[in-house]
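To be precise, the following lines are my_file02.cif, and they hold mmCIF, N, CA and C atoms.
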data_work
loop_
_atom_site.label_atom_id
_atom_site.label_comp_id
_atom_site.auth_asym_id
_atom_site.auth_seq_id
_atom_site.Cartn_x
_atom_site.Cartn_y
_atom_site.Cartn_z
N MET A 1357 -32.95 -129.35 12.11
CA MET A 1357 -31.74 -128.65 11.82
C MET A 1357 -32.00 -127.63 10.71
N PRO A 1358 -31.68 -126.32 10.98
CA PRO A 1358 -31.93 -125.30 9.96
C PRO A 1358 -30.96 -125.47 8.79
N LEU A 1359 -31.47 -125.15 7.67
CA LEU A 1359 -30.63 -125.23 6.48
C LEU A 1359 -29.81 -123.97 6.33
N ARG A 1360 -28.61 -124.14 6.02
CA ARG A 1360 -27.72 -122.99 5.80
C ARG A 1360 -27.60 -122.79 4.30
N ARG A 1361 -27.76 -121.58 3.89
CA ARG A 1361 -27.71 -121.25 2.48
C ARG A 1361 -26.26 -121.18 2.02
N VAL A 1362 -25.95 -121.78 0.94
CA VAL A 1362 -24.61 -121.79 0.37
C VAL A 1362 -24.67 -121.05 -0.95
N GLY A 1363 -23.69 -120.21 -1.21
CA GLY A 1363 -23.66 -119.46 -2.46
C GLY A 1363 -23.79 -117.98 -2.21
N ARG A 1364 -24.58 -117.34 -3.03
CA ARG A 1364 -24.75 -115.90 -2.91
C ARG A 1364 -25.53 -115.55 -1.65
N PRO A 1365 -25.27 -114.33 -1.10
CA PRO A 1365 -26.02 -113.96 0.11
C PRO A 1365 -27.46 -113.64 -0.22
N GLY A 1366 -28.25 -113.72 0.77
CA GLY A 1366 -29.67 -113.42 0.59
C GLY A 1366 -29.88 -111.91 0.51
N LEU A 1367 -31.13 -111.53 0.46
CA LEU A 1367 -31.50 -110.13 0.32
C LEU A 1367 -31.04 -109.31 1.53
N LEU A 1368 -31.18 -109.85 2.70
CA LEU A 1368 -30.77 -109.15 3.91
C LEU A 1368 -29.25 -108.97 3.96
N GLY A 1369 -28.51 -109.99 3.59
CA GLY A 1369 -27.04 -109.89 3.56
C GLY A 1369 -26.57 -108.88 2.53
N LEU A 1370 -27.22 -108.86 1.39
CA LEU A 1370 -26.87 -107.91 0.33
C LEU A 1370 -27.15 -106.48 0.78
N ALA A 1371 -28.27 -106.25 1.44
CA ALA A 1371 -28.62 -104.91 1.93
C ALA A 1371 -27.63 -104.46 3.00
N ALA A 1372 -27.22 -105.36 3.88
CA ALA A 1372 -26.26 -105.02 4.93
C ALA A 1372 -24.91 -104.66 4.33
N ARG A 1373 -24.47 -105.44 3.35
CA ARG A 1373 -23.18 -105.17 2.71
C ARG A 1373 -23.22 -103.82 1.99
N THR A 1374 -24.31 -103.53 1.31
CA THR A 1374 -24.46 -102.26 0.60
C THR A 1374 -24.43 -101.08 1.58
N ALA A 1375 -25.09 -101.23 2.72
CA ALA A 1375 -25.11 -100.17 3.72
C ALA A 1375 -23.71 -99.91 4.27
N VAL A 1376 -22.96 -100.98 4.51
CA VAL A 1376 -21.59 -100.82 5.04
C VAL A 1376 -20.71 -100.11 4.01
N VAL A 1377 -20.79 -100.52 2.75
CA VAL A 1377 -19.98 -99.89 1.70
C VAL A 1377 -20.36 -98.43 1.53
N ALA A 1378 -21.66 -98.13 1.51
CA ALA A 1378 -22.10 -96.75 1.34
C ALA A 1378 -21.68 -95.88 2.52
N GLY A 1379 -21.81 -96.40 3.72
CA GLY A 1379 -21.40 -95.64 4.91
C GLY A 1379 -19.91 -95.36 4.92
N THR A 1380 -19.12 -96.35 4.53
CA THR A 1380 -17.67 -96.17 4.48
C THR A 1380 -17.30 -95.13 3.43
N ALA A 1381 -17.93 -95.21 2.26
CA ALA A 1381 -17.65 -94.25 1.20
C ALA A 1381 -18.02 -92.84 1.63
N GLN A 1382 -19.12 -92.67 2.31
CA GLN A 1382 -19.54 -91.35 2.77
C GLN A 1382 -18.56 -90.80 3.80
N ALA A 1383 -18.12 -91.64 4.72
CA ALA A 1383 -17.18 -91.19 5.75
C ALA A 1383 -15.85 -90.78 5.12
N VAL A 1384 -15.37 -91.57 4.17
CA VAL A 1384 -14.10 -91.26 3.52
C VAL A 1384 -14.21 -89.97 2.71
N SER A 1385 -15.30 -89.81 1.95
CA SER A 1385 -15.43 -88.60 1.14
C SER A 1385 -15.58 -87.36 2.02
N GLY A 1386 -16.25 -87.50 3.16
CA GLY A 1386 -16.35 -86.37 4.09
C GLY A 1386 -15.01 -85.97 4.66
N ARG A 1387 -14.19 -86.96 4.98
CA ARG A 1387 -12.87 -86.67 5.52
C ARG A 1387 -11.98 -86.02 4.46
N VAL A 1388 -12.05 -86.53 3.23
CA VAL A 1388 -11.25 -85.97 2.13
C VAL A 1388 -11.66 -84.52 1.88
N ALA A 1389 -12.96 -84.25 1.84
CA ALA A 1389 -13.44 -82.89 1.60
C ALA A 1389 -13.00 -81.97 2.74
N GLY A 1390 -13.05 -82.44 3.96
CA GLY A 1390 -12.60 -81.63 5.10
C GLY A 1390 -11.11 -81.33 5.02
N ASN A 1391 -10.33 -82.33 4.65
CA ASN A 1391 -8.88 -82.11 4.52
C ASN A 1391 -8.58 -81.11 3.42
N GLN A 1392 -9.28 -81.22 2.29
CA GLN A 1392 -9.07 -80.28 1.19
C GLN A 1392 -9.46 -78.86 1.61
N ARG A 1393 -10.55 -78.74 2.32
CA ARG A 1393 -11.00 -77.43 2.79
C ARG A 1393 -9.97 -76.83 3.77
N ASN A 1394 -9.46 -77.64 4.68
CA ASN A 1394 -8.46 -77.16 5.64
C ASN A 1394 -7.18 -76.75 4.93
N ARG A 1395 -6.76 -77.54 3.95
CA ARG A 1395 -5.54 -77.24 3.20
C ARG A 1395 -5.69 -75.93 2.42
N ALA A 1396 -6.86 -75.74 1.78
CA ALA A 1396 -7.11 -74.52 1.01
C ALA A 1396 -7.14 -73.30 1.94
N GLN A 1397 -7.73 -73.44 3.12
CA GLN A 1397 -7.79 -72.32 4.07
C GLN A 1397 -6.39 -71.97 4.57
N ALA A 1398 -5.58 -72.98 4.84
CA ALA A 1398 -4.21 -72.73 5.30
C ALA A 1398 -3.40 -72.03 4.22
N GLN A 1399 -3.57 -72.43 2.98
CA GLN A 1399 -2.85 -71.79 1.88
C GLN A 1399 -3.31 -70.34 1.73
N PHE A 1400 -4.60 -70.10 1.82
CA PHE A 1400 -5.14 -68.74 1.72
C PHE A 1400 -4.58 -67.87 2.85
N ASP A 1401 -4.56 -68.40 4.07
CA ASP A 1401 -4.03 -67.65 5.21
C ASP A 1401 -2.56 -67.32 4.99
N GLN A 1402 -1.80 -68.27 4.47
CA GLN A 1402 -0.38 -68.05 4.23
C GLN A 1402 -0.17 -66.97 3.16
N GLU A 1403 -0.97 -66.99 2.11
CA GLU A 1403 -0.86 -65.98 1.05
C GLU A 1403 -1.23 -64.60 1.59
N GLN A 1404 -2.25 -64.53 2.43
CA GLN A 1404 -2.63 -63.25 3.01
C GLN A 1404 -1.53 -62.70 3.92
N TYR A 1405 -0.91 -63.58 4.70
CA TYR A 1405 0.18 -63.17 5.58
C TYR A 1405 1.36 -62.65 4.76
N ALA A 1406 1.70 -63.35 3.67
CA ALA A 1406 2.81 -62.92 2.82
C ALA A 1406 2.51 -61.58 2.17
N ALA A 1407 1.27 -61.37 1.74
CA ALA A 1407 0.90 -60.10 1.14
C ALA A 1407 0.97 -58.97 2.16
N ALA A 1408 0.55 -59.24 3.38
CA ALA A 1408 0.62 -58.22 4.43
C ALA A 1408 2.07 -57.89 4.76
N GLN A 1409 2.93 -58.90 4.80
CA GLN A 1409 4.35 -58.67 5.08
C GLN A 1409 4.98 -57.83 3.96
N GLN A 1410 4.64 -58.15 2.72
CA GLN A 1410 5.20 -57.40 1.59
C GLN A 1410 4.73 -55.95 1.64
N GLN A 1411 3.47 -55.73 1.94
CA GLN A 1411 2.96 -54.36 2.03
C GLN A 1411 3.63 -53.61 3.17
N ALA A 1412 3.89 -54.28 4.27
CA ALA A 1412 4.58 -53.64 5.39
C ALA A 1412 6.00 -53.25 5.00
N ARG A 1413 6.68 -54.12 4.22
CA ARG A 1413 8.04 -53.77 3.77
C ARG A 1413 8.01 -52.57 2.82
N ILE A 1414 7.01 -52.52 1.94
CA ILE A 1414 6.88 -51.38 1.03
C ILE A 1414 6.66 -50.10 1.81
N ASP A 1415 5.74 -50.16 2.76
CA ASP A 1415 5.45 -48.97 3.57
C ASP A 1415 6.66 -48.53 4.37
N ALA A 1416 7.37 -49.49 4.94
CA ALA A 1416 8.56 -49.15 5.74
C ALA A 1416 9.65 -48.55 4.86
N ALA A 1417 9.84 -49.09 3.66
CA ALA A 1417 10.85 -48.56 2.75
C ALA A 1417 10.49 -47.16 2.30
N ALA A 1418 9.23 -46.94 2.00
CA ALA A 1418 8.81 -45.61 1.58
C ALA A 1418 8.93 -44.62 2.74
N GLN A 1419 8.60 -45.07 3.93
CA GLN A 1419 8.70 -44.21 5.11
C GLN A 1419 10.16 -43.86 5.39
N SER A 1420 11.03 -44.85 5.31
CA SER A 1420 12.44 -44.56 5.59
C SER A 1420 13.06 -43.72 4.49
N ALA A 1421 12.52 -43.84 3.27
CA ALA A 1421 13.05 -43.02 2.18
C ALA A 1421 12.56 -41.59 2.28
N THR A 1422 11.38 -41.39 2.84
CA THR A 1422 10.86 -40.03 2.93
C THR A 1422 11.23 -39.34 4.23
N THR A 1423 11.66 -40.06 5.24
CA THR A 1423 12.03 -39.48 6.51
C THR A 1423 13.51 -39.13 6.50
N PRO A 1424 13.84 -37.87 6.65
CA PRO A 1424 15.27 -37.51 6.66
C PRO A 1424 15.94 -38.03 7.93
N THR A 1425 17.15 -38.53 7.77
CA THR A 1425 17.88 -39.06 8.92
C THR A 1425 18.68 -37.96 9.61
N ALA A 1426 19.08 -36.94 8.87
CA ALA A 1426 19.82 -35.83 9.45
C ALA A 1426 19.01 -34.56 9.23
N PRO A 1427 19.13 -33.59 10.14
CA PRO A 1427 18.38 -32.34 9.94
C PRO A 1427 18.88 -31.63 8.68
N PRO A 1428 17.99 -30.97 7.95
CA PRO A 1428 18.42 -30.29 6.73
C PRO A 1428 19.32 -29.10 7.05
N ALA A 1429 20.14 -28.77 6.09
CA ALA A 1429 21.06 -27.64 6.27
C ALA A 1429 20.26 -26.34 6.29
N PRO A 1430 20.44 -25.48 7.29
CA PRO A 1430 19.63 -24.27 7.38
C PRO A 1430 19.99 -23.24 6.30
N ALA A 1431 21.21 -23.25 5.77
CA ALA A 1431 21.63 -22.24 4.81
C ALA A 1431 21.24 -22.59 3.38
N ALA A 1432 20.69 -23.78 3.12
CA ALA A 1432 20.35 -24.17 1.76
C ALA A 1432 19.10 -23.45 1.31
N PRO A 1433 19.09 -22.96 0.07
CA PRO A 1433 17.87 -22.32 -0.45
C PRO A 1433 16.77 -23.35 -0.66
N PRO A 1434 15.50 -22.95 -0.54
CA PRO A 1434 14.40 -23.91 -0.64
C PRO A 1434 14.32 -24.62 -1.99
N SER A 1435 14.61 -23.96 -3.08
CA SER A 1435 14.50 -24.60 -4.38
C SER A 1435 15.57 -25.67 -4.58
N ALA A 1436 16.75 -25.46 -4.06
CA ALA A 1436 17.83 -26.43 -4.21
C ALA A 1436 17.74 -27.56 -3.18
N ALA A 1437 17.05 -27.34 -2.07
CA ALA A 1437 16.98 -28.35 -1.01
C ALA A 1437 16.07 -29.51 -1.41
N GLY A 1438 15.05 -29.26 -2.22
CA GLY A 1438 14.11 -30.31 -2.59
C GLY A 1438 14.73 -31.37 -3.50
N ALA A 1439 15.48 -30.97 -4.50
CA ALA A 1439 16.03 -31.92 -5.47
C ALA A 1439 17.07 -32.86 -4.85
N PRO A 1440 18.06 -32.38 -4.11
CA PRO A 1440 19.02 -33.32 -3.52
C PRO A 1440 18.37 -34.27 -2.51
N ASP A 1441 17.35 -33.77 -1.79
CA ASP A 1441 16.69 -34.63 -0.81
C ASP A 1441 16.00 -35.79 -1.50
N ILE A 1442 15.30 -35.53 -2.59
CA ILE A 1442 14.63 -36.59 -3.34
C ILE A 1442 15.65 -37.53 -3.95
N LEU A 1443 16.73 -36.96 -4.45
CA LEU A 1443 17.78 -37.80 -5.02
C LEU A 1443 18.40 -38.71 -3.96
N ASP A 1444 18.60 -38.16 -2.77
CA ASP A 1444 19.14 -38.99 -1.67
C ASP A 1444 18.18 -40.11 -1.32
N GLN A 1445 16.90 -39.79 -1.28
CA GLN A 1445 15.90 -40.81 -0.94
C GLN A 1445 15.81 -41.88 -2.03
N LEU A 1446 15.88 -41.45 -3.29
CA LEU A 1446 15.89 -42.42 -4.38
C LEU A 1446 17.13 -43.29 -4.32
N GLN A 1447 18.25 -42.69 -3.95
CA GLN A 1447 19.49 -43.47 -3.83
C GLN A 1447 19.37 -44.51 -2.70
N ARG A 1448 18.73 -44.10 -1.59
CA ARG A 1448 18.53 -45.06 -0.48
C ARG A 1448 17.63 -46.21 -0.92
N LEU A 1449 16.58 -45.87 -1.69
CA LEU A 1449 15.71 -46.92 -2.21
C LEU A 1449 16.48 -47.87 -3.12
N ALA A 1450 17.31 -47.30 -3.99
CA ALA A 1450 18.10 -48.13 -4.90
C ALA A 1450 19.06 -49.02 -4.12
N ASP A 1451 19.64 -48.48 -3.05
CA ASP A 1451 20.55 -49.29 -2.22
C ASP A 1451 19.80 -50.43 -1.55
N LEU A 1452 18.58 -50.15 -1.06
CA LEU A 1452 17.78 -51.21 -0.42
C LEU A 1452 17.42 -52.29 -1.43
N LYS A 1453 17.10 -51.87 -2.66
CA LYS A 1453 16.77 -52.85 -3.70
C LYS A 1453 17.99 -53.68 -4.06
N GLN A 1454 19.13 -53.00 -4.19
CA GLN A 1454 20.35 -53.71 -4.57
C GLN A 1454 20.80 -54.68 -3.49
N SER A 1455 20.56 -54.33 -2.24
CA SER A 1455 20.97 -55.23 -1.15
C SER A 1455 20.00 -56.39 -0.98
N GLY A 1456 18.86 -56.35 -1.69
CA GLY A 1456 17.92 -57.47 -1.63
C GLY A 1456 16.81 -57.30 -0.61
N LEU A 1457 16.77 -56.15 0.06
CA LEU A 1457 15.71 -55.93 1.04
C LEU A 1457 14.39 -55.55 0.39
N LEU A 1458 14.45 -55.06 -0.86
CA LEU A 1458 13.24 -54.71 -1.60
C LEU A 1458 13.19 -55.50 -2.90
N THR A 1459 12.00 -55.95 -3.26
CA THR A 1459 11.82 -56.58 -4.57
C THR A 1459 11.59 -55.48 -5.60
N ASP A 1460 11.51 -55.87 -6.87
CA ASP A 1460 11.28 -54.89 -7.93
C ASP A 1460 9.94 -54.18 -7.73
N GLU A 1461 8.91 -54.95 -7.37
CA GLU A 1461 7.58 -54.36 -7.18
C GLU A 1461 7.58 -53.38 -6.01
N GLU A 1462 8.24 -53.75 -4.93
CA GLU A 1462 8.31 -52.87 -3.76
C GLU A 1462 9.07 -51.60 -4.10
N PHE A 1463 10.15 -51.73 -4.87
CA PHE A 1463 10.94 -50.57 -5.26
C PHE A 1463 10.11 -49.62 -6.10
N VAL A 1464 9.37 -50.16 -7.08
CA VAL A 1464 8.56 -49.32 -7.96
C VAL A 1464 7.47 -48.62 -7.15
N ALA A 1465 6.84 -49.34 -6.23
CA ALA A 1465 5.77 -48.75 -5.43
C ALA A 1465 6.32 -47.64 -4.53
N ALA A 1466 7.47 -47.88 -3.89
CA ALA A 1466 8.04 -46.87 -3.00
C ALA A 1466 8.51 -45.67 -3.81
N LYS A 1467 9.06 -45.89 -4.99
CA LYS A 1467 9.51 -44.79 -5.83
C LYS A 1467 8.32 -43.95 -6.28
N ALA A 1468 7.23 -44.61 -6.66
CA ALA A 1468 6.03 -43.88 -7.07
C ALA A 1468 5.46 -43.08 -5.92
N LYS A 1469 5.50 -43.63 -4.73
CA LYS A 1469 5.00 -42.92 -3.55
C LYS A 1469 5.88 -41.71 -3.25
N LEU A 1470 7.16 -41.86 -3.44
CA LEU A 1470 8.11 -40.78 -3.18
C LEU A 1470 7.96 -39.66 -4.21
N LEU A 1471 7.82 -40.03 -5.46
CA LEU A 1471 7.74 -39.03 -6.52
C LEU A 1471 6.35 -38.45 -6.70
N GLY A 1472 5.35 -39.22 -6.31
CA GLY A 1472 3.98 -38.78 -6.56
C GLY A 1472 3.37 -38.22 -5.36
#
Let's see the structure in the file written out as structure tokens.
Amino acid sequence: MPLRRVGRPGLLGLAARTAVVAGTAQAVSGRVAGNQRNRAQAQFDQEQYAAAQQQARIDAAAQSATTPTAPPAPAAPPSAAGAPDILDQLQRLADLKQSGLLTDEEFVAAKAKLLG
């Protein structure tokens, strides 16, 4: 009848237990690192999308502010036609900002584009 060892495990049992613990730890850490990487990539993609949307709103606001909606009056002198047109466009920008369609940064960028 073989003798069964009672008490602490032998060298082979200890090595097997260590291998199982190490393998489990490696698998868990790999999964955690992968999840963190995926989460960081998703956040980066979301920030890039938001930045692109904001830039599109700025461009659209500047374009709508610089594009006249009605044909200019033919009898207006050239020197007087420039100032009211810019004032009208600035007023439209201010209205868009006040209505909440433009943020402060978008308003400043569109105004700089219009004036510069």
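As for CA of Asp1451 (chain A) and CA of Ser1420 (chain A), they are spaced 12.2 Å apart.
Counting from CA of Gly1369 (chain A), the distance to CA of Ser1385 (chain A) is 24.4 Å.
A straight line drawn from atom N of Ala1466 (chain A) to CA of Arg1448 (chain A) is 11.9 Å long.
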- Task: Would you mind listing what lies within 8 Å of Leu1449 (chain A) as a ChimeraX atom specification, with all atoms listed in the file counted and same-chain residues fewer than 6 positions away left out?
- Result: /A:1417-1418,1420-1421,1443,1455,1458,1463,1466-1467
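Checking A:Ile1414, A:Ala1381, A:Ala1408, A:Ala1389 one by one against Ala1468 (chain A), counting only C-alpha atoms, you find the shortest gap at A:Ile1414.
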- Message: Could you pull out the helix (DSSP H, G or I) residues of chain A, going by DSSP on the backbone, and write them as JSON, numbers by chain?
- Response: {"A": [1367, 1368, 1369, 1370, 1371, 1372, 1373, 1374, 1375, 1376, 1377, 1378, 1379, 1380, 1381, 1382, 1383, 1384, 1385, 1386, 1387, 1388, 1389, 1390, 1391, 1392, 1393, 1394, 1395, 1396, 1397, 1398, 1399, 1400, 1401, 1402, 1403, 1404, 1405, 1406, 1407, 1408, 1409, 1410, 1411, 1412, 1413, 1414, 1415, 1416, 1417, 1418, 1419, 1420, 1421, 1422, 1434, 1435, 1436, 1437, 1438, 1439, 1440, 1441, 1442, 1443, 1444, 1445, 1446, 1447, 1448, 1449, 1450, 1451, 1452, 1453, 1454, 1460, 1461, 1462, 1463, 1464, 1465, 1466, 1467, 1468, 1469, 1470, 1471]}
Please give the centre and size of the box around region 1401-1419 of chain A (axis-aligned, containing every atom listed in the file, 8 Å added per side), with values in Å to one decimal and written as AutoDock Vina command-line options.
--center_x 3.1 --center_y -56.1 --center_z 3.4 --size_x 31.4 --size_y 40.5 --size_z 20.7
